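Data from query-v8.cif: mmCIF, C-alpha atoms
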```cif
data_work
#
loop_
_atom_site.group_PDB
_atom_site.id
_atom_site.type_symbol
_atom_site.label_atom_id
_atom_site.label_comp_id
_atom_site.auth_asym_id
_atom_site.auth_seq_id
_atom_site.Cartn_x
_atom_site.Cartn_y
_atom_site.Cartn_z
ATOM 1 C CA MET G 10 -43.999 -20.373 1.178
ATOM 2 C CA PRO G 11 -43.316 -16.826 2.313
ATOM 3 C CA THR G 12 -43.524 -13.999 -0.158
ATOM 4 C CA ALA G 13 -40.383 -12.175 -1.211
ATOM 5 C CA VAL G 14 -39.577 -8.480 -0.850
ATOM 6 C CA VAL G 15 -36.849 -6.079 -1.921
ATOM 7 C CA ILE G 16 -36.163 -3.383 0.647
ATOM 8 C CA ASP G 17 -34.801 0.041 -0.267
ATOM 9 C CA THR G 18 -32.088 1.266 2.085
ATOM 10 C CA ASN G 19 -34.264 4.198 3.162
ATOM 11 C CA VAL G 20 -36.469 1.747 5.083
ATOM 12 C CA LEU G 21 -33.521 0.719 7.286
ATOM 13 C CA ALA G 22 -32.384 4.326 7.645
ATOM 14 C CA THR G 23 -35.875 5.463 8.634
ATOM 15 C CA ALA G 24 -36.187 2.607 11.139
ATOM 16 C CA ASN G 25 -32.906 3.856 12.603
ATOM 17 C CA GLY G 26 -34.366 7.354 13.032
ATOM 18 C CA LYS G 27 -32.192 8.837 10.272
ATOM 19 C CA SER G 28 -34.953 10.522 8.299
ATOM 20 C CA ASP G 29 -35.758 14.124 9.139
ATOM 21 C CA HIS G 30 -39.118 14.147 7.363
ATOM 22 C CA ALA G 31 -40.467 10.798 8.595
ATOM 23 C CA GLY G 32 -43.054 11.159 11.319
ATOM 24 C CA PRO G 33 -44.030 8.622 13.981
ATOM 25 C CA ASP G 34 -46.433 6.743 11.672
ATOM 26 C CA CYS G 35 -43.748 6.370 9.016
ATOM 27 C CA LEU G 36 -41.214 5.198 11.582
ATOM 28 C CA LEU G 37 -43.680 2.618 12.898
ATOM 29 C CA SER G 38 -44.456 1.398 9.367
ATOM 30 C CA CYS G 39 -40.740 0.848 8.723
ATOM 31 C CA LEU G 40 -40.240 -0.938 12.034
ATOM 32 C CA ASN G 41 -43.184 -3.226 11.296
ATOM 33 C CA ALA G 42 -42.071 -3.872 7.702
ATOM 34 C CA LEU G 43 -38.602 -4.980 8.807
ATOM 35 C CA GLU G 44 -40.010 -7.253 11.485
ATOM 36 C CA GLU G 45 -42.485 -8.739 8.983
ATOM 37 C CA ALA G 46 -39.674 -9.278 6.491
ATOM 38 C CA LYS G 47 -37.736 -11.262 9.085
ATOM 39 C CA LYS G 48 -40.716 -13.364 10.141
ATOM 40 C CA ARG G 49 -42.732 -13.911 6.972
ATOM 41 C CA HIS G 50 -40.778 -12.987 3.851
ATOM 42 C CA VAL G 51 -37.741 -13.872 1.817
ATOM 43 C CA VAL G 52 -35.570 -10.775 1.407
ATOM 44 C CA THR G 53 -34.230 -10.545 -2.127
ATOM 45 C CA VAL G 54 -30.755 -9.068 -2.689
ATOM 46 C CA ASP G 55 -28.083 -9.301 -5.372
ATOM 47 C CA ASN G 56 -25.327 -11.874 -5.104
ATOM 48 C CA GLY G 57 -22.725 -9.186 -5.879
ATOM 49 C CA MET G 58 -23.324 -7.523 -2.486
ATOM 50 C CA LEU G 59 -24.355 -4.138 -3.924
ATOM 51 C CA ILE G 60 -27.459 -3.937 -1.735
ATOM 52 C CA LEU G 61 -25.836 -5.361 1.398
ATOM 53 C CA ASP G 62 -22.872 -3.003 0.985
ATOM 54 C CA GLU G 63 -25.256 -0.058 0.728
ATOM 55 C CA TYR G 64 -27.126 -1.255 3.820
ATOM 56 C CA ARG G 65 -23.799 -1.384 5.667
ATOM 57 C CA ARG G 66 -23.198 2.306 4.872
ATOM 58 C CA HIS G 67 -26.488 3.219 6.584
ATOM 59 C CA ALA G 68 -26.809 0.664 9.389
ATOM 60 C CA SER G 69 -24.541 -1.197 11.781
ATOM 61 C CA LEU G 70 -23.659 -4.857 11.385
ATOM 62 C CA GLY G 71 -23.343 -4.927 15.169
ATOM 63 C CA GLY G 72 -27.132 -4.967 15.309
ATOM 64 C CA GLN G 73 -27.516 -2.054 17.699
ATOM 65 C CA PRO G 74 -28.898 0.283 18.788
ATOM 66 C CA CYS G 75 -31.812 0.462 16.345
ATOM 67 C CA VAL G 76 -34.210 -1.795 14.440
ATOM 68 C CA GLY G 77 -32.552 -1.092 11.079
ATOM 69 C CA ASP G 78 -29.245 -2.203 12.581
ATOM 70 C CA ALA G 79 -30.823 -5.356 14.007
ATOM 71 C CA PHE G 80 -32.364 -6.119 10.614
ATOM 72 C CA LEU G 81 -29.009 -5.747 8.866
ATOM 73 C CA LYS G 82 -27.320 -8.055 11.367
ATOM 74 C CA TRP G 83 -30.102 -10.644 10.917
ATOM 75 C CA LEU G 84 -29.933 -10.419 7.102
ATOM 76 C CA TRP G 85 -26.133 -10.629 7.113
ATOM 77 C CA GLN G 86 -26.309 -13.778 9.245
ATOM 78 C CA ASN G 87 -29.044 -15.281 7.057
ATOM 79 C CA GLN G 88 -27.888 -14.267 3.590
ATOM 80 C CA GLY G 89 -27.048 -17.889 2.780
ATOM 81 C CA ASN G 90 -30.314 -19.260 4.181
ATOM 82 C CA SER G 91 -32.806 -19.625 1.335
ATOM 83 C CA ARG G 92 -35.737 -19.587 3.780
ATOM 84 C CA HIS G 93 -34.879 -15.967 4.595
ATOM 85 C CA CYS G 94 -32.806 -14.580 1.735
ATOM 86 C CA GLU G 95 -32.814 -14.954 -2.022
ATOM 87 C CA GLN G 96 -29.683 -13.880 -3.863
ATOM 88 C CA VAL G 97 -30.074 -13.117 -7.562
ATOM 89 C CA THR G 98 -27.594 -12.204 -10.256
ATOM 90 C CA ILE G 99 -27.823 -8.766 -11.831
ATOM 91 C CA THR G 100 -25.625 -7.625 -14.686
ATOM 92 C CA PRO G 101 -24.127 -4.118 -14.727
ATOM 93 C CA THR G 102 -23.937 -2.548 -18.172
ATOM 94 C CA LYS G 103 -20.509 -1.855 -19.588
ATOM 95 C CA SER G 104 -21.232 1.845 -19.985
ATOM 96 C CA ASP G 105 -22.490 2.467 -16.418
ATOM 97 C CA GLN G 106 -21.902 0.194 -13.421
ATOM 98 C CA ARG G 107 -25.018 1.677 -11.742
ATOM 99 C CA ASN G 108 -27.260 0.558 -14.582
ATOM 100 C CA PHE G 109 -28.224 -3.047 -15.190
ATOM 101 C CA GLN G 110 -29.319 -5.196 -18.080
ATOM 102 C CA GLU G 111 -32.322 -6.260 -15.988
ATOM 103 C CA PHE G 112 -33.498 -2.632 -15.603
ATOM 104 C CA PRO G 113 -36.348 -1.888 -18.032
ATOM 105 C CA ASP G 114 -35.361 -0.255 -21.310
ATOM 106 C CA ASP G 115 -38.199 2.226 -21.029
ATOM 107 C CA PRO G 116 -37.820 5.936 -21.867
ATOM 108 C CA ALA G 117 -40.257 6.715 -19.040
ATOM 109 C CA LEU G 118 -37.610 5.423 -16.580
ATOM 110 C CA SER G 119 -34.567 7.060 -18.162
ATOM 111 C CA LYS G 120 -34.300 9.679 -15.415
ATOM 112 C CA PHE G 121 -34.822 7.289 -12.499
ATOM 113 C CA ASP G 122 -32.057 7.546 -9.873
ATOM 114 C CA PRO G 123 -29.104 5.390 -10.997
ATOM 115 C CA SER G 124 -28.209 4.547 -7.387
ATOM 116 C CA ASP G 125 -31.614 2.857 -6.918
ATOM 117 C CA ARG G 126 -31.606 0.871 -10.156
ATOM 118 C CA LYS G 127 -30.046 -2.144 -8.408
ATOM 119 C CA PHE G 128 -33.275 -2.617 -6.414
ATOM 120 C CA VAL G 129 -35.329 -2.656 -9.621
ATOM 121 C CA ALA G 130 -32.896 -5.032 -11.314
ATOM 122 C CA VAL G 131 -33.010 -7.403 -8.341
ATOM 123 C CA ALA G 132 -36.804 -7.401 -8.226
ATOM 124 C CA LEU G 133 -37.061 -8.102 -11.945
ATOM 125 C CA ALA G 134 -34.321 -10.767 -11.889
ATOM 126 C CA SER G 135 -36.077 -12.708 -9.137
ATOM 127 C CA HIS G 136 -38.418 -15.515 -10.155
ATOM 128 C CA ASN G 137 -40.602 -14.329 -7.239
ATOM 129 C CA ARG G 138 -41.115 -10.843 -8.751
ATOM 130 C CA PRO G 139 -41.073 -9.263 -5.284
ATOM 131 C CA PRO G 140 -42.382 -5.788 -4.600
ATOM 132 C CA ILE G 141 -39.972 -3.073 -3.505
ATOM 133 C CA LEU G 142 -40.580 -1.502 -0.097
ATOM 134 C CA ASN G 143 -39.953 2.255 0.013
ATOM 135 C CA ALA G 144 -40.279 4.629 2.939
ATOM 136 C CA THR G 145 -39.155 8.165 2.149
ATOM 137 C CA ASP G 146 -37.685 8.372 -1.352
ATOM 138 C CA SER G 147 -39.969 10.437 -3.601
ATOM 139 C CA ASP G 148 -38.267 9.137 -6.747
ATOM 140 C CA TRP G 149 -40.176 5.860 -6.370
ATOM 141 C CA TRP G 150 -43.451 7.796 -6.135
ATOM 142 C CA ASP G 151 -42.633 9.931 -9.186
ATOM 143 C CA PHE G 152 -41.991 6.843 -11.327
ATOM 144 C CA ARG G 153 -44.657 4.545 -9.837
ATOM 145 C CA GLN G 154 -46.766 4.384 -13.003
ATOM 146 C CA ALA G 155 -43.773 3.566 -15.192
ATOM 147 C CA PHE G 156 -42.796 0.793 -12.785
ATOM 148 C CA ALA G 157 -46.340 -0.571 -12.789
ATOM 149 C CA ASP G 158 -46.293 -0.500 -16.601
ATOM 150 C CA ASN G 159 -43.141 -2.657 -16.428
ATOM 151 C CA GLY G 160 -44.666 -5.212 -14.043
ATOM 152 C CA LEU G 161 -43.051 -3.924 -10.860
ATOM 153 C CA ASP G 162 -44.934 -3.242 -7.630
ATOM 154 C CA ILE G 163 -43.721 -0.557 -5.235
ATOM 155 C CA ILE G 164 -45.101 -0.611 -1.688
ATOM 156 C CA PHE G 165 -45.091 2.808 -0.061
ATOM 157 C CA LEU G 166 -44.704 2.418 3.683
ATOM 158 C CA CYS G 167 -45.166 6.170 4.218
ATOM 159 C CA PRO G 168 -47.627 7.252 1.503
ATOM 160 C CA ASP G 169 -48.608 10.440 3.340
ATOM 161 C CA LEU G 170 -45.170 11.847 2.515
ATOM 162 C CA PHE G 171 -46.040 11.880 -1.194
ATOM 163 C CA ARG G 172 -49.695 12.903 -1.382
#
```
Take the structure in this file and express it as structure tokens.
Amino acid sequence: MPTAVVIDTNVLATANGKSDHAGPDCLLSCLNALEEAKKRHVVTVDNGMLILDEYRRHASLGGQPCVGDAFLKWLWQNQGNSRHCEQVTITPTKSDQRNFQEFPDDPALSKFDPSDRKFVAVALASHNRPPILNATDSDWWDFRQAFADNGLDIIFLCPDLFR
């Protein structure tokens, strides 16, 4: 069975050439990661469309002209196919719709970007416990130890951006 992954939107954006600080190696890593996700992984998203809606703000459902666009079109077409896409339920908190009951209640993560908490919630809600793929967002790097302490793996496609 293929392994599952959660993909931060910045991977699609970088694959579409929309990252000013991503060099050629980073771009290639994102292109390869999206192709690998299509061929060998189950992409994990939320069943409330939060992740897919965010993808749609940064890539085209028409599938062109870039790899991030093609990935979004493929995922959109396969969102109901369990061989390619896993949809999990995440529960927004009553006090903040960008925070989720599945997000760790850990003071070390209290300042983590609220707009990215859906990716963490999805990864932790999945029975597959997929890693999260990140390209260019330094917030993931800054909180990597706290995520590891909470059983979450972050894969940095462009680690040279953070060292």
request  = Could you please give me, as a list in words, the residues of protein, DNA or RNA lying at most 8 Å from (-41.0, -1.8, -13.3) in the coordinate frame of the file, considering all atoms listed in the file?
outcome  =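 Every residue inside that radius is included here: Phe112, Pro113, Val129, Leu133, Ala155, Phe156, Ala157, Asp158, Asn159, Gly160, Leu161 and Asp162 of chain G.
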request  = Tell me, in Å to one decimal, how far atom CA of Trp83 of chain G is from atom CA of Asp29 of chain G.
outcome  =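 Separating atom CA of Trp83 of chain G from atom CA of Asp29 of chain G is a distance of 25.5 Å.
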key: Pairwise distance for atom CA of Lys127 of chain G and atom CA of Pro33 of chain G, rounded to one decimal in Å   =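 Interatomic distance here is 28.5 Å.
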ask   = Any idea what's packed within 6 Å of Pro139 of chain G, counting only C-alpha atoms, ignoring anything in its chain fewer than 6 positions away? Could you give it as an MDAnalysis selection string?
value = chainID G and resid 13:14 132
inquiry  = When you look at Ile60 of chain G with a cut-off of 8 Å (counting only C-alpha atoms), what residues show up, excluding the ones that are within fewer than 2 positions of it in the same chain? I need them as number ranges by chain.
reply    = G: 18, 54-55, 58, 62-64, 127-128
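Selection result for the displayed file, with the PyMOL selection byres ((chain G and resi 144-151) around 6) as criterion, is G:Val20, G:Asn143, G:Phe152, G:Arg153, G:Phe165, G:Leu166, G:Cys167.
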inquiry  = Please report the interatomic distance between atom CA of Leu70 of chain G and atom CA of Leu43 of chain G in Å with one decimal.
reply    =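 Taking atom CA of Leu70 of chain G and atom CA of Leu43 of chain G, their separation equals 15.2 Å.
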ask   = For Asn108 of chain G, which residue among G:Glu95, G:Thr53, G:Ser124, G:His30 is the nearest when counting only C-alpha atoms?
value = G:Ser124
query = Counting all atoms listed in the file, which of G:Val52, G:Val76, G:Ala130, G:Leu118 gets nearest to Asn90 of chain G?
reply =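 Between G:Val52, G:Val76, G:Ala130, G:Leu118, the residue approaching Asn90 of chain G most closely is G:Val52.
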Taking all atoms of segment 62-76 of chain G that the file lists, what box with edges along x, y and z, padded by 3 Å per side, do you get, with centre and edge lengths in Å to one decimal, as JSON?
```
{"center_x": -28.5, "center_y": -0.9, "center_z": 9.8, "size_x": 17.3, "size_y": 14.2, "size_z": 24.1}
```
ask   = Any idea what's packed within 10 Å of segment 66-69 of chain G, counting all atoms listed in the file, ignoring anything in its chain fewer than 4 positions away? Could you give it as a PyMOL selection string?
value = chain G and resi 18-19+21-25+27+61-62+73-82
Next, the residues of the selection above should be written as a compact mmCIF listing (two decimals), in the frame of the given file with C-alpha atoms.
```txt
# COMPACT_ATOMS: atom_id res chain seq x y z
CA THR G 18 -32.09 1.27 2.08
CA ASN G 19 -34.26 4.20 3.16
CA LEU G 21 -33.52 0.72 7.29
CA ALA G 22 -32.38 4.33 7.64
CA THR G 23 -35.88 5.46 8.63
CA ALA G 24 -36.19 2.61 11.14
CA ASN G 25 -32.91 3.86 12.60
CA LYS G 27 -32.19 8.84 10.27
CA LEU G 61 -25.84 -5.36 1.40
CA ASP G 62 -22.87 -3.00 0.98
CA GLN G 73 -27.52 -2.05 17.70
CA PRO G 74 -28.90 0.28 18.79
CA CYS G 75 -31.81 0.46 16.34
CA VAL G 76 -34.21 -1.80 14.44
CA GLY G 77 -32.55 -1.09 11.08
CA ASP G 78 -29.24 -2.20 12.58
CA ALA G 79 -30.82 -5.36 14.01
CA PHE G 80 -32.36 -6.12 10.61
CA LEU G 81 -29.01 -5.75 8.87
CA LYS G 82 -27.32 -8.06 11.37
```
task = Step by step, work through what the PyMOL selection byres ((chain G and resi 12) around 12) selects in the shown file, and finish by giving those residues as a PyMOL selection string.
result = chain G and resi 10-11+13-15+45-53+92-95+135-141
Output of the above residues as an mmCIF file, in the coordinates of the input, restricted to C-alpha atoms:
```cif
data_model
loop_
_atom_site.group_PDB
_atom_site.id
_atom_site.type_symbol
_atom_site.label_atom_id
_atom_site.label_comp_id
_atom_site.auth_asym_id
_atom_site.auth_seq_id
_atom_site.Cartn_x
_atom_site.Cartn_y
_atom_site.Cartn_z
ATOM 1 C CA MET G 10 -43.999 -20.373 1.178
ATOM 2 C CA PRO G 11 -43.316 -16.826 2.313
ATOM 3 C CA ALA G 13 -40.383 -12.175 -1.211
ATOM 4 C CA VAL G 14 -39.577 -8.480 -0.850
ATOM 5 C CA VAL G 15 -36.849 -6.079 -1.921
ATOM 6 C CA GLU G 45 -42.485 -8.739 8.983
ATOM 7 C CA ALA G 46 -39.674 -9.278 6.491
ATOM 8 C CA LYS G 47 -37.736 -11.262 9.085
ATOM 9 C CA LYS G 48 -40.716 -13.364 10.141
ATOM 10 C CA ARG G 49 -42.732 -13.911 6.972
ATOM 11 C CA HIS G 50 -40.778 -12.987 3.851
ATOM 12 C CA VAL G 51 -37.741 -13.872 1.817
ATOM 13 C CA VAL G 52 -35.570 -10.775 1.407
ATOM 14 C CA THR G 53 -34.230 -10.545 -2.127
ATOM 15 C CA ARG G 92 -35.737 -19.587 3.780
ATOM 16 C CA HIS G 93 -34.879 -15.967 4.595
ATOM 17 C CA CYS G 94 -32.806 -14.580 1.735
ATOM 18 C CA GLU G 95 -32.814 -14.954 -2.022
ATOM 19 C CA SER G 135 -36.077 -12.708 -9.137
ATOM 20 C CA HIS G 136 -38.418 -15.515 -10.155
ATOM 21 C CA ASN G 137 -40.602 -14.329 -7.239
ATOM 22 C CA ARG G 138 -41.115 -10.843 -8.751
ATOM 23 C CA PRO G 139 -41.073 -9.263 -5.284
ATOM 24 C CA PRO G 140 -42.382 -5.788 -4.600
ATOM 25 C CA ILE G 141 -39.972 -3.073 -3.505
#
```
query = Between G:Leu59, G:Gln88, G:Ile163, G:Gln154, which one has atoms that come closest to Phe109 of chain G, using only C-alpha atoms?
reply = G:Leu59
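The residue that comes closest to Pro101 of chain G, out of G:Leu84, G:Leu170, G:Ala117, G:Val131 and on the basis of all atoms listed in the file, is G:Val131.
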Return segment 125-157 of chain G, completed with N, CA and C atoms, as a PDB file, in the frame of the given file.
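Result written to out23.pdb:
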```pdb
ATOM      1  N   ASP G 125     -30.521   3.742  -7.338  1.00  0.00           N
ATOM      2  CA  ASP G 125     -31.614   2.857  -6.918  1.00  0.00           C
ATOM      3  C   ASP G 125     -31.960   1.796  -7.961  1.00  0.00           C
ATOM      4  N   ARG G 126     -31.288   1.822  -9.083  1.00  0.00           N
ATOM      5  CA  ARG G 126     -31.606   0.871 -10.156  1.00  0.00           C
ATOM      6  C   ARG G 126     -31.302  -0.567  -9.762  1.00  0.00           C
ATOM      7  N   LYS G 127     -30.374  -0.779  -8.846  1.00  0.00           N
ATOM      8  CA  LYS G 127     -30.046  -2.144  -8.408  1.00  0.00           C
ATOM      9  C   LYS G 127     -31.256  -2.814  -7.770  1.00  0.00           C
ATOM     10  N   PHE G 128     -32.086  -2.045  -7.045  1.00  0.00           N
ATOM     11  CA  PHE G 128     -33.275  -2.617  -6.414  1.00  0.00           C
ATOM     12  C   PHE G 128     -34.273  -3.090  -7.474  1.00  0.00           C
ATOM     13  N   VAL G 129     -34.433  -2.288  -8.514  1.00  0.00           N
ATOM     14  CA  VAL G 129     -35.329  -2.656  -9.621  1.00  0.00           C
ATOM     15  C   VAL G 129     -34.798  -3.892 -10.333  1.00  0.00           C
ATOM     16  N   ALA G 130     -33.505  -3.898 -10.622  1.00  0.00           N
ATOM     17  CA  ALA G 130     -32.896  -5.032 -11.314  1.00  0.00           C
ATOM     18  C   ALA G 130     -33.066  -6.317 -10.510  1.00  0.00           C
ATOM     19  N   VAL G 131     -32.865  -6.232  -9.207  1.00  0.00           N
ATOM     20  CA  VAL G 131     -33.010  -7.403  -8.341  1.00  0.00           C
ATOM     21  C   VAL G 131     -34.454  -7.906  -8.355  1.00  0.00           C
ATOM     22  N   ALA G 132     -35.393  -6.999  -8.232  1.00  0.00           N
ATOM     23  CA  ALA G 132     -36.804  -7.401  -8.226  1.00  0.00           C
ATOM     24  C   ALA G 132     -37.186  -8.075  -9.544  1.00  0.00           C
ATOM     25  N   LEU G 133     -36.701  -7.537 -10.647  1.00  0.00           N
ATOM     26  CA  LEU G 133     -37.061  -8.102 -11.945  1.00  0.00           C
ATOM     27  C   LEU G 133     -36.284  -9.380 -12.263  1.00  0.00           C
ATOM     28  N   ALA G 134     -35.113  -9.550 -11.669  1.00  0.00           N
ATOM     29  CA  ALA G 134     -34.321 -10.767 -11.889  1.00  0.00           C
ATOM     30  C   ALA G 134     -34.845 -11.952 -11.073  1.00  0.00           C
ATOM     31  N   SER G 135     -35.567 -11.651 -10.007  1.00  0.00           N
ATOM     32  CA  SER G 135     -36.077 -12.708  -9.137  1.00  0.00           C
ATOM     33  C   SER G 135     -37.257 -13.431  -9.781  1.00  0.00           C
ATOM     34  N   HIS G 136     -37.266 -14.750  -9.661  1.00  0.00           N
ATOM     35  CA  HIS G 136     -38.418 -15.515 -10.155  1.00  0.00           C
ATOM     36  C   HIS G 136     -39.664 -15.243  -9.307  1.00  0.00           C
ATOM     37  N   ASN G 137     -39.476 -14.658  -8.120  1.00  0.00           N
ATOM     38  CA  ASN G 137     -40.602 -14.329  -7.239  1.00  0.00           C
ATOM     39  C   ASN G 137     -41.284 -13.009  -7.599  1.00  0.00           C
ATOM     40  N   ARG G 138     -40.616 -12.186  -8.410  1.00  0.00           N
ATOM     41  CA  ARG G 138     -41.115 -10.843  -8.751  1.00  0.00           C
ATOM     42  C   ARG G 138     -41.581 -10.089  -7.495  1.00  0.00           C
ATOM     43  N   PRO G 139     -40.678  -9.909  -6.532  1.00  0.00           N
ATOM     44  CA  PRO G 139     -41.073  -9.263  -5.284  1.00  0.00           C
ATOM     45  C   PRO G 139     -41.344  -7.773  -5.460  1.00  0.00           C
ATOM     46  N   PRO G 140     -42.204  -7.236  -4.622  1.00  0.00           N
ATOM     47  CA  PRO G 140     -42.382  -5.788  -4.600  1.00  0.00           C
ATOM     48  C   PRO G 140     -41.178  -5.142  -3.928  1.00  0.00           C
ATOM     49  N   ILE G 141     -41.023  -3.853  -4.162  1.00  0.00           N
ATOM     50  CA  ILE G 141     -39.972  -3.073  -3.505  1.00  0.00           C
ATOM     51  C   ILE G 141     -40.630  -2.235  -2.427  1.00  0.00           C
ATOM     52  N   LEU G 142     -40.091  -2.312  -1.205  1.00  0.00           N
ATOM     53  CA  LEU G 142     -40.580  -1.502  -0.097  1.00  0.00           C
ATOM     54  C   LEU G 142     -39.813  -0.188  -0.076  1.00  0.00           C
ATOM     55  N   ASN G 143     -40.537   0.919  -0.041  1.00  0.00           N
ATOM     56  CA  ASN G 143     -39.953   2.255   0.013  1.00  0.00           C
ATOM     57  C   ASN G 143     -40.583   3.021   1.161  1.00  0.00           C
ATOM     58  N   ALA G 144     -39.762   3.814   1.840  1.00  0.00           N
ATOM     59  CA  ALA G 144     -40.279   4.629   2.939  1.00  0.00           C
ATOM     60  C   ALA G 144     -40.350   6.101   2.559  1.00  0.00           C
ATOM     61  N   THR G 145     -39.227   6.703   2.230  1.00  0.00           N
ATOM     62  CA  THR G 145     -39.155   8.165   2.149  1.00  0.00           C
ATOM     63  C   THR G 145     -38.649   8.720   0.835  1.00  0.00           C
ATOM     64  N   ASP G 146     -38.281   7.900  -0.100  1.00  0.00           N
ATOM     65  CA  ASP G 146     -37.685   8.372  -1.352  1.00  0.00           C
ATOM     66  C   ASP G 146     -38.769   8.702  -2.359  1.00  0.00           C
ATOM     67  N   SER G 147     -38.907   9.985  -2.695  1.00  0.00           N
ATOM     68  CA  SER G 147     -39.969  10.437  -3.601  1.00  0.00           C
ATOM     69  C   SER G 147     -39.756   9.985  -5.041  1.00  0.00           C
ATOM     70  N   ASP G 148     -38.540   9.606  -5.394  1.00  0.00           N
ATOM     71  CA  ASP G 148     -38.267   9.137  -6.747  1.00  0.00           C
ATOM     72  C   ASP G 148     -39.147   7.930  -7.097  1.00  0.00           C
ATOM     73  N   TRP G 149     -39.330   7.037  -6.131  1.00  0.00           N
ATOM     74  CA  TRP G 149     -40.176   5.860  -6.370  1.00  0.00           C
ATOM     75  C   TRP G 149     -41.616   6.293  -6.661  1.00  0.00           C
ATOM     76  N   TRP G 150     -42.093   7.299  -5.932  1.00  0.00           N
ATOM     77  CA  TRP G 150     -43.451   7.796  -6.135  1.00  0.00           C
ATOM     78  C   TRP G 150     -43.588   8.419  -7.521  1.00  0.00           C
ATOM     79  N   ASP G 151     -42.586   9.231  -7.901  1.00  0.00           N
ATOM     80  CA  ASP G 151     -42.633   9.931  -9.186  1.00  0.00           C
ATOM     81  C   ASP G 151     -42.678   8.971 -10.371  1.00  0.00           C
ATOM     82  N   PHE G 152     -42.074   7.804 -10.227  1.00  0.00           N
ATOM     83  CA  PHE G 152     -41.991   6.843 -11.327  1.00  0.00           C
ATOM     84  C   PHE G 152     -42.901   5.631 -11.128  1.00  0.00           C
ATOM     85  N   ARG G 153     -43.839   5.709 -10.188  1.00  0.00           N
ATOM     86  CA  ARG G 153     -44.657   4.545  -9.837  1.00  0.00           C
ATOM     87  C   ARG G 153     -45.459   4.001 -11.015  1.00  0.00           C
ATOM     88  N   GLN G 154     -45.987   4.868 -11.859  1.00  0.00           N
ATOM     89  CA  GLN G 154     -46.766   4.384 -13.003  1.00  0.00           C
ATOM     90  C   GLN G 154     -45.875   3.662 -14.008  1.00  0.00           C
ATOM     91  N   ALA G 155     -44.700   4.211 -14.254  1.00  0.00           N
ATOM     92  CA  ALA G 155     -43.773   3.566 -15.192  1.00  0.00           C
ATOM     93  C   ALA G 155     -43.343   2.199 -14.663  1.00  0.00           C
ATOM     94  N   PHE G 156     -43.138   2.100 -13.349  1.00  0.00           N
ATOM     95  CA  PHE G 156     -42.796   0.793 -12.785  1.00  0.00           C
ATOM     96  C   PHE G 156     -43.967  -0.181 -12.924  1.00  0.00           C
ATOM     97  N   ALA G 157     -45.157   0.287 -12.639  1.00  0.00           N
ATOM     98  CA  ALA G 157     -46.340  -0.571 -12.789  1.00  0.00           C
ATOM     99  C   ALA G 157     -46.480  -1.044 -14.239  1.00  0.00           C
TER     100      ALA G 157
END
```
